[in-house]
file final28.cif (mmCIF, C-alpha atoms)
data_upload
#
loop_
_atom_site.label_atom_id
_atom_site.label_comp_id
_atom_site.auth_asym_id
_atom_site.auth_seq_id
_atom_site.Cartn_x
_atom_site.Cartn_y
_atom_site.Cartn_z
CA MET A 809 11.59 -28.54 -2.30
CA ASP A 810 9.02 -31.12 -3.43
CA ASP A 811 5.44 -30.27 -4.33
CA GLU A 812 4.05 -31.23 -0.93
CA GLU A 813 6.54 -28.96 0.84
CA PHE A 814 5.75 -26.16 -1.60
CA ARG A 815 2.02 -26.48 -0.90
CA ARG A 816 2.68 -26.32 2.83
CA TRP A 817 4.56 -23.02 2.51
CA VAL A 818 2.01 -21.59 0.09
CA ALA A 819 -0.76 -22.40 2.58
CA LEU A 820 1.11 -20.69 5.43
CA LEU A 821 1.72 -17.54 3.41
CA GLU A 822 -1.89 -17.33 2.25
CA GLU A 823 -3.23 -17.95 5.74
CA ARG A 824 -1.07 -15.28 7.35
CA THR A 825 -0.76 -12.64 4.63
CA GLY A 826 -3.39 -13.42 2.00
CA VAL A 827 -0.67 -13.55 -0.65
CA VAL A 828 -0.84 -16.46 -3.09
CA VAL A 829 2.37 -17.86 -4.56
CA PRO A 830 1.59 -19.58 -7.89
CA GLN A 831 3.40 -22.68 -9.09
CA GLU A 832 5.52 -20.65 -11.52
CA ARG A 833 6.93 -18.71 -8.53
CA LYS A 834 8.11 -21.86 -6.78
CA GLN A 835 11.77 -21.13 -7.59
CA PHE A 836 11.46 -17.62 -6.10
CA LEU A 837 9.97 -19.02 -2.90
CA GLU A 838 12.51 -21.82 -2.55
CA THR A 839 15.50 -19.56 -3.26
CA ASN A 840 14.49 -16.94 -0.71
CA LEU A 841 13.65 -19.53 1.91
CA ARG A 842 17.03 -21.20 1.48
CA LEU A 843 18.84 -17.86 1.77
CA ARG A 844 17.11 -17.05 5.04
CA MET A 845 17.52 -20.58 6.38
CA ARG A 846 21.25 -20.36 5.71
CA GLU A 847 21.42 -17.11 7.67
CA VAL A 848 19.71 -18.57 10.74
CA GLY A 849 21.32 -22.00 10.50
CA ALA A 850 18.13 -23.95 9.75
CA ASP A 851 18.78 -27.43 8.37
CA ASP A 852 15.63 -28.20 6.40
CA PHE A 853 12.29 -26.74 5.35
CA GLU A 854 10.24 -28.79 7.80
CA ALA A 855 12.31 -27.74 10.83
CA TYR A 856 12.27 -24.08 9.77
CA HIS A 857 8.51 -24.23 9.22
CA ARG A 858 8.10 -25.68 12.71
CA ASP A 859 10.29 -22.95 14.23
CA LEU A 860 8.18 -20.23 12.62
CA LEU A 861 5.09 -21.54 14.41
CA SER A 862 6.71 -21.61 17.85
CA GLY A 863 6.21 -18.73 20.26
CA ARG A 864 7.72 -15.27 20.31
CA ARG A 865 10.94 -16.27 18.60
CA GLY A 866 8.95 -17.68 15.70
CA ALA A 867 6.91 -14.46 15.45
CA VAL A 868 10.07 -12.37 15.20
CA GLU A 869 11.53 -14.63 12.53
CA TRP A 870 8.24 -14.58 10.62
CA ALA A 871 8.39 -10.78 10.42
CA VAL A 872 11.86 -11.00 8.85
CA LEU A 873 10.81 -13.71 6.41
CA VAL A 874 7.70 -11.86 5.25
CA ASP A 875 9.89 -8.90 4.35
CA ARG A 876 11.96 -11.18 2.14
CA LEU A 877 8.97 -12.74 0.41
CA THR A 878 6.70 -9.76 -0.18
CA VAL A 879 7.12 -7.47 -3.17
CA HIS A 880 8.62 -4.02 -2.50
CA GLN A 881 8.96 -2.73 -6.04
CA THR A 882 7.66 0.82 -5.99
CA HIS A 883 8.36 4.26 -7.39
CA PHE A 884 7.48 7.87 -6.83
CA PHE A 885 4.51 8.90 -8.99
CA ARG A 886 4.18 5.30 -10.12
CA HIS A 887 0.83 5.74 -11.85
CA ARG A 888 0.50 9.36 -12.91
CA PRO A 889 -3.14 9.17 -14.13
CA SER A 890 -4.31 8.09 -10.66
CA LEU A 891 -2.43 10.93 -8.98
CA GLU A 892 -3.74 13.37 -11.56
CA MET A 893 -7.24 12.20 -10.63
CA VAL A 894 -6.48 13.04 -7.00
CA ALA A 895 -5.45 16.57 -7.98
CA ASP A 896 -8.10 17.19 -10.63
CA GLU A 897 -11.16 15.46 -9.18
CA VAL A 898 -10.80 14.09 -5.64
CA LEU A 899 -9.43 17.23 -3.98
CA PRO A 900 -11.72 19.73 -5.76
CA ASP A 901 -14.70 17.53 -4.85
CA PHE A 902 -13.55 17.49 -1.23
CA VAL A 903 -13.27 21.29 -1.11
CA VAL A 904 -16.75 21.73 -2.58
CA ARG A 905 -18.18 19.13 -0.19
CA THR A 906 -16.62 20.56 2.95
CA GLY A 907 -15.99 24.17 2.07
CA GLY A 908 -12.35 23.57 2.98
CA LYS A 909 -13.33 23.57 6.67
CA ALA A 910 -12.41 19.93 7.33
CA ALA A 911 -9.15 18.00 7.27
CA PHE A 912 -8.49 15.65 4.35
CA HIS A 913 -7.63 12.12 5.47
CA ALA A 914 -5.96 9.68 3.04
CA TRP A 915 -4.73 6.10 3.39
CA SER A 916 -1.94 4.63 1.25
CA VAL A 917 -2.51 0.86 1.41
CA GLY A 918 0.52 -1.39 0.92
CA CYS A 919 2.86 1.60 0.89
CA SER A 920 6.09 -0.45 0.84
CA THR A 921 9.02 1.93 1.48
CA GLY A 922 6.86 5.05 1.30
CA GLU A 923 7.29 6.44 -2.20
CA GLU A 924 3.57 6.14 -2.94
CA ALA A 925 2.55 7.80 0.32
CA TYR A 926 4.90 10.74 -0.19
CA SER A 927 3.73 11.10 -3.79
CA LEU A 928 0.19 11.43 -2.47
CA ALA A 929 1.32 13.91 0.17
CA MET A 930 3.09 16.05 -2.43
CA VAL A 931 -0.03 16.22 -4.58
CA ILE A 932 -2.28 17.04 -1.62
CA ASP A 933 0.09 19.57 -0.07
CA ARG A 934 0.56 21.45 -3.34
CA TYR A 935 -3.17 21.60 -3.94
CA ALA A 936 -3.94 22.66 -0.37
CA ALA A 937 -1.38 25.47 -0.54
CA LYS A 938 -3.03 26.89 -3.65
CA ALA A 939 -6.64 26.45 -2.52
CA ASP A 940 -8.72 29.52 -1.67
CA ALA A 941 -9.16 28.09 1.81
CA PRO A 942 -6.02 26.02 2.63
CA PHE A 943 -6.97 22.86 4.52
CA HIS A 944 -5.13 20.47 6.80
CA TYR A 945 -4.45 16.90 5.72
CA GLY A 946 -2.87 13.65 6.83
CA VAL A 947 -1.73 10.50 5.04
CA THR A 948 -1.63 7.14 6.81
CA ALA A 949 0.74 4.70 5.09
CA SER A 950 0.51 1.00 5.94
CA ASP A 951 2.41 -2.13 5.00
CA VAL A 952 3.05 -5.63 6.30
CA SER A 953 6.85 -5.19 6.22
CA GLN A 954 8.48 -3.54 9.22
CA PRO A 955 11.84 -2.91 7.48
CA ALA A 956 10.01 -1.21 4.59
CA LEU A 957 8.18 1.02 7.07
CA VAL A 958 11.49 2.02 8.68
CA VAL A 959 12.66 3.36 5.31
CA GLY A 960 9.38 5.20 4.85
CA ARG A 961 9.56 6.86 8.26
CA SER A 962 13.06 8.12 7.52
CA GLY A 963 11.87 9.81 4.33
CA ARG A 964 15.34 9.36 2.86
CA TYR A 965 15.92 7.92 -0.62
CA PRO A 966 18.86 7.54 -3.05
CA ASN A 967 19.40 10.38 -5.51
CA SER A 968 18.69 7.96 -8.35
CA LYS A 969 15.01 8.27 -7.44
CA LEU A 970 14.89 12.02 -7.98
CA SER A 971 14.20 11.48 -11.68
CA GLU A 972 10.91 9.75 -10.78
CA ILE A 973 9.55 12.97 -9.26
CA PRO A 974 8.19 15.67 -11.60
CA PRO A 975 10.31 18.87 -11.46
CA GLU A 976 7.50 21.00 -10.00
CA TYR A 977 7.28 18.65 -7.02
CA ARG A 978 10.99 17.91 -6.78
CA GLU A 979 11.83 21.58 -6.27
CA LEU A 980 9.28 21.97 -3.49
CA TYR A 981 9.61 18.78 -1.51
CA CYS A 982 13.03 17.16 -2.02
CA VAL A 983 15.87 18.35 0.20
CA THR A 984 19.20 17.48 -1.38
CA GLY A 985 22.72 17.87 -0.03
CA ARG A 986 26.25 16.66 -0.58
CA THR A 987 25.40 13.02 0.08
CA ASP A 988 24.10 10.44 -2.39
CA SER A 989 20.57 10.70 -0.99
CA PHE A 990 17.79 13.21 -0.49
CA VAL A 991 15.11 13.56 2.17
CA MET A 992 11.47 14.56 2.03
CA HIS A 993 10.63 18.08 3.18
CA GLU A 994 9.86 18.35 6.88
CA ARG A 995 6.32 19.48 6.05
CA LEU A 996 5.63 16.09 4.47
CA LEU A 997 7.36 14.13 7.21
CA LYS A 998 4.93 15.69 9.69
CA ARG A 999 1.89 14.80 7.59
CA VAL A 1000 2.66 11.16 6.69
CA GLY A 1001 2.40 8.51 9.39
CA PHE A 1002 3.46 4.87 8.94
CA ALA A 1003 1.81 1.84 10.53
CA MET A 1004 2.23 -1.92 10.24
CA LEU A 1005 -0.98 -3.53 8.97
CA ASN A 1006 -1.86 -6.86 7.42
CA LEU A 1007 -4.75 -6.39 4.98
CA LEU A 1008 -6.30 -9.57 6.34
CA ASP A 1009 -6.83 -7.62 9.58
CA VAL A 1010 -8.34 -4.56 7.91
CA ALA A 1011 -11.66 -5.13 9.71
CA ARG A 1012 -9.88 -4.57 13.03
CA GLN A 1013 -7.92 -1.46 12.08
CA PRO A 1014 -9.00 1.91 13.54
CA LEU A 1015 -9.11 3.96 10.33
CA SER A 1016 -12.52 5.33 9.39
CA HIS A 1017 -14.21 8.34 7.80
CA LEU A 1018 -11.49 8.54 5.17
CA ASP A 1019 -11.65 10.89 2.19
CA LEU A 1020 -9.31 8.78 0.05
CA ILE A 1021 -8.11 5.19 0.05
CA TYR A 1022 -5.28 4.70 -2.44
CA CYS A 1023 -4.60 1.01 -3.08
CA GLN A 1024 -2.37 0.35 -6.10
CA ASN A 1025 -1.05 -3.07 -7.17
CA VAL A 1026 -1.67 -4.70 -3.80
CA LEU A 1027 -4.76 -6.81 -4.39
CA ILE A 1028 -3.27 -8.52 -7.44
CA TYR A 1029 -1.41 -10.89 -5.11
CA PHE A 1030 -4.65 -12.05 -3.44
CA PRO A 1031 -7.15 -14.62 -4.78
CA ARG A 1032 -10.34 -13.01 -6.09
CA GLU A 1033 -12.57 -14.04 -3.17
CA ARG A 1034 -10.13 -12.55 -0.69
CA ARG A 1035 -9.92 -9.36 -2.75
CA LEU A 1036 -13.68 -9.02 -2.52
CA GLY A 1037 -13.57 -9.35 1.26
CA VAL A 1038 -10.80 -6.77 1.59
CA LEU A 1039 -12.61 -4.33 -0.71
CA ASP A 1040 -15.83 -4.65 1.28
CA GLN A 1041 -13.91 -3.69 4.41
CA LEU A 1042 -12.17 -0.78 2.69
CA VAL A 1043 -15.51 0.64 1.58
CA LYS A 1044 -16.60 0.74 5.22
CA CYS A 1045 -13.63 2.99 5.98
CA LEU A 1046 -14.74 5.68 3.52
CA ARG A 1047 -16.87 8.64 4.51
CA PRO A 1048 -19.75 9.58 2.16
CA GLY A 1049 -18.16 11.38 -0.78
CA GLY A 1050 -14.82 9.66 -0.19
CA HIS A 1051 -12.89 8.02 -3.03
CA LEU A 1052 -11.31 4.59 -3.52
CA ILE A 1053 -8.59 4.45 -6.18
CA LEU A 1054 -7.25 1.06 -7.26
CA GLY A 1055 -4.62 0.02 -9.76
CA PRO A 1056 -6.00 -0.24 -13.32
CA GLY A 1057 -7.24 -3.77 -14.00
CA GLU A 1058 -6.73 -4.77 -10.35
CA MET A 1059 -10.36 -5.78 -9.86
CA THR A 1060 -12.31 -6.05 -13.12
CA GLY A 1061 -16.07 -6.29 -13.08
CA TRP A 1062 -16.42 -5.33 -9.42
CA ARG A 1063 -19.38 -3.31 -8.15
CA HIS A 1064 -20.51 -2.22 -4.71
CA PRO A 1065 -23.91 -0.83 -3.75
CA LEU A 1066 -22.37 2.10 -1.88
CA LEU A 1067 -19.99 3.12 -4.67
CA THR A 1068 -20.27 4.89 -7.99
CA ARG A 1069 -17.60 4.34 -10.61
CA VAL A 1070 -15.67 7.52 -11.46
CA ALA A 1071 -15.16 7.92 -15.21
CA GLY A 1072 -11.62 7.60 -16.50
CA GLN A 1073 -10.15 5.30 -19.13
CA ARG A 1074 -6.73 5.10 -17.47
CA THR A 1075 -7.89 4.85 -13.85
CA LEU A 1076 -9.99 2.57 -11.68
CA ALA A 1077 -11.73 4.76 -9.12
CA TYR A 1078 -14.97 4.88 -7.13
CA ARG A 1079 -16.80 7.47 -5.03
CA ARG A 1080 -18.89 6.55 -2.02
CA ARG A 1081 -22.45 7.76 -2.35
CA ALA A 1082 -23.83 10.23 0.15
CA GLU A 1083 -26.97 8.16 0.62
CA GLU A 1084 -27.57 4.50 1.39
CA PRO A 1085 -29.00 2.40 -1.48
CA LYS A 1086 -32.75 1.82 -1.38
CA GLN A 1087 -33.82 -1.64 -0.34
#

call {"tool": "encode", "arguments": {"input": "final28.cif", "output": "structure tokens"}}
result
Amino acid sequence: MDDEEFRRWVALLEERTGVVVPQERKQFLETNLRLRMREVGADDFEAYHRDLLSGRRGAVEWAVLVDRLTVHQTHFFRHRPSLEMVADEVLPDFVVRTGGKAAFHAWSVGCSTGEEAYSLAMVIDRYAAKADAPFHYGVTASDVSQPALVVGRSGRYPNSKLSEIPPEYRELYCVTGRTDSFVMHERLLKRVGFAMLNLLDVARQPLSHLDLIYCQNVLIYFPRERRLGVLDQLVKCLRPGGHLILGPGEMTGWRHPLLTRVAGQRTLAYRRRAEEPKQ
């Protein structure tokens, strides 16, 4: 793959997904493209690129390719300080704000195979069960990869992942058996819904009046200007008093007139103000 061909593929990926592939990742891109081309019998990069842009067949192939090229590395309870903030600050604030008489709505952005979304659900479910006035909740989990979403909907994971889940949650929410895998408790499966969503289309998605948007290590793959646009749209999805939690260092120096930074050295979180800023 020469530099011109590389730039063509980088432009296509950024246009359709927002993800930027830097020069140092050229080998990753070329290797994964060649593997997929071999599987479908494509002869060269130019012909394969042309096929991807042609009709329904190209759209189906694009969905498969995106799954190969996007990052799916994830874990249960990946960033404990952020989840601790949900339990210690976000949920108590919600109960005070609503009196526990409203449902808590959360969105896990870029959920990959679902570990993050179920981690959120475990934290929320455990808190709700112990609250003076137990409240209903729901978690929407979105990703650009259809195969990843299939795994998430199944709620089934290899036993090797059990060690990622703290014992107090593992005992409550992980159903093990004689196989080499475990499944999420039915209570969580009913509360977590999975949907395919490209963050570039966030302005057209139906989610609104959210109490929590949890977006960890997703924006780092976007150029800064595109991150700003996505963040502006995410803020519009929050209800007054709702929280936005990002990955630490994911967007340094960012401010928004509707948000107040929530203190925390190990977290990057914001709360939407109840009132509009004065002009």

call {"tool": "closest_residue", "arguments": {"input": "final28.cif", "among": "A:Asp933, A:Arg1012, A:Gln1024, A:Pro1048", "to": "Tyr981 (chain A)", "atoms": "all atoms listed in the file"}}
result
A:Asp933

call {"tool": "residues_near_point", "arguments": {"input": "final28.cif", "point": "(5.0, 2.0, 9.3)", "cutoff": "8 Å", "atoms": "only C-alpha atoms", "output": "list in words"}}
result
Ala949, Ser950, Asp951, Gln954, Ala956, Leu957, Val958, Gly960, Arg961, Gly1001, Phe1002, Ala1003 and Met1004 of chain A

call {"tool": "closest_atom_pairs", "arguments": {"input": "final28.cif", "of": "region 857-911 of chain A", "to": "region 846-851 of chain A", "cutoff": "10 Å", "atoms": "only C-alpha atoms", "output": "Markdown table"}}
result
| residue | atom | partner | partner_atom | distance |
| --- | --- | --- | --- | --- |
| A:His857 | CA | A:Ala850 | CA | 9.6 |
| A:Asp859 | CA | A:Ala850 | CA | 9.1 |
| A:Glu869 | CA | A:Val848 | CA | 9.3 |

call {"tool": "closest_residue", "arguments": {"input": "final28.cif", "among": "A:Pro900, A:Pro1065, A:Pro975, A:Gly922", "to": "Lys938 (chain A)", "atoms": "all atoms listed in the file"}}
result
A:Pro900

call {"tool": "residues_around", "arguments": {"input": "final28.cif", "residues": "Gly1055 (chain A)", "least_positions_apart": "4", "cutoff": "12 Å", "atoms": "all atoms listed in the file", "output": "PyMOL selection string"}}
result
chain A and resi 886-891+917-918+1021-1028+1059-1060+1074-1078

call {"tool": "closest_residue", "arguments": {"input": "final28.cif", "among": "A:Arg986, A:Arg1032, A:Lys998, A:Arg905", "to": "Gly1050 (chain A)", "atoms": "all atoms listed in the file"}}
result
A:Arg905

call {"tool": "residues_near_point", "arguments": {"input": "final28.cif", "point": "(10.1, -13.4, 12.6)", "cutoff": "12 Å", "atoms": "all atoms listed in the file", "output": "MDAnalysis selection string"}}
result
chainID A and resid 844 848 856:857 859:876 953:955

call {"tool": "write_last_selection", "arguments": {"input": "final28.cif", "atoms": "C-alpha atoms", "output": "compact mmCIF listing (two decimals), in the coordinates of the input"}}
result
# COMPACT_ATOMS: atom_id res chain seq x y z
CA ARG A 844 17.11 -17.05 5.04
CA VAL A 848 19.71 -18.57 10.74
CA TYR A 856 12.27 -24.08 9.77
CA HIS A 857 8.51 -24.23 9.22
CA ASP A 859 10.29 -22.95 14.23
CA LEU A 860 8.18 -20.23 12.62
CA LEU A 861 5.09 -21.54 14.41
CA SER A 862 6.71 -21.61 17.85
CA GLY A 863 6.21 -18.73 20.26
CA ARG A 864 7.72 -15.27 20.31
CA ARG A 865 10.94 -16.27 18.60
CA GLY A 866 8.95 -17.68 15.70
CA ALA A 867 6.91 -14.46 15.45
CA VAL A 868 10.07 -12.37 15.20
CA GLU A 869 11.53 -14.63 12.53
CA TRP A 870 8.24 -14.58 10.62
CA ALA A 871 8.39 -10.78 10.42
CA VAL A 872 11.86 -11.00 8.85
CA LEU A 873 10.81 -13.71 6.41
CA VAL A 874 7.70 -11.86 5.25
CA ASP A 875 9.89 -8.90 4.35
CA ARG A 876 11.96 -11.18 2.14
CA SER A 953 6.85 -5.19 6.22
CA GLN A 954 8.48 -3.54 9.22
CA PRO A 955 11.84 -2.91 7.48

call {"tool": "atom_distance", "arguments": {"input": "final28.cif", "atom1": "CA of Arg934 (chain A)", "atom2": "CA of Phe902 (chain A)"}}
result
14.8 Å
